[in-house]
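> Pasting a structure below so you can have a look.
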Amino acid sequence: MKYCMKCGVLIEEEKNRFCPLCNTIILKDEEIAGLSLEHLKTNVIITKKEKKKDIEIKEKKNKLGLTAFILLMLSFISIFTLLIIDLSIGFNIDWSIIPIISITLFFLIIGLPFMELNKKLFWYITFDALILSIYFPILNIIINHKISWSYYVTLSIILIWIYLSSVFINKIKNTILKITLNFIATGIFILLVTLGLNNTSAFSKLVLPINGLVFIITIISYLFIRTYIYNWRLIVITLSVNTGILCFGIDLLIQRYLRNELKLTWSFIVLLVLIPFTLFMIYLDNRYKIHKYLVKKFHI
């Protein structure tokens, strides 16, 4: 027979492994003999830390749940008040529609993360993007009775969501594939924007070539940087050269689209700055070889 260490109840340790009153474990004589004072102290410290951590988690959950409940109640009271005021003025729901859907949007975006949904960050990003993509067209229809500016806002939200998806989705591990998907999404975005502006010639003659040029330059820069990550001078040279090529190509494409001629305008100034800088960085990266060649060639 043993006494419970916690509540003092007399227990038959052969029949009961745990105290029937407080559920405390009952140690046998062999187990007690095998325990040292340091081991007991360590177990006590670990138990205290675990209990403290559990208490902090529970307190955090309670605070989040209380915050979500307060936001829900405030949103409900605001919506109910707006409906009562609108109905009392004109006996119909008129001007209160916009603030009501705005308050609903506020709760869904701000209040929802405070609820215990156990969702990942990307889930909330996707949910917010979906809600905003629905909210802006509805707001546009209420104000203008048609979809106008919300078309471009919704396209922008979708494009940003695609960019964030390439960062958060771990299943796509190939960086080049991520960059390719982002540029394809950007091209489709610009195409839809130009279609909304009724200007398809700008997309085919200007936007699509610039997007393709930026895509090629980005892939080349990424491959060089990944290959020569140990050499910062070569990385700077790569970025400088690619920036010059990009400005040169964009300038030629713009002049061809606007004036139907190939000539340099603003990119000429950029090249005047980048060319000396690039040559200087090439010298820094190869200065020992250059000095050795000069000594050998001119016997300096």
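Identifiers in this document derive from the order of the structure tokens: chains are assigned A, B, ..., residues are numbered from 1 separately in each chain, and ligands are numbered from 1 in order of occurrence.
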Please list as a PyMOL selection string every residue within 10 Å of range 222-229 of chain A, counting only C-alpha atoms and excluding residues in the same chain fewer than 5 positions away.
chain A and resi 175-176+179+216-217+234-236+238-239
> Please, what distance in Å, to one decimal, runs between CA of Thr243 in chain A and CA of Asn199 in chain A?
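Separation of CA of Thr243 in chain A and CA of Asn199 in chain A: 28.4 Å.
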> Which value, in Å to one decimal, gives the distance between CA of Val207 in chain A and CA of Val153 in chain A?
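Interatomic distance here is 19.2 Å.
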> Using only C-alpha atoms, which of the listed residues (A:Leu71, A:Ile250, A:Leu21, A:Val295) sits closest to Asn211 in chain A?
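Ranked by minimum distance to Asn211 in chain A, first place goes to A:Ile250.
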> Using only C-alpha atoms, which of A:Leu253, A:Ile143, A:Ile282, A:Ile160 sits nearest Asp94 in chain A?
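Looking at the shortest contact to Asp94 in chain A, the residue is A:Ile143.
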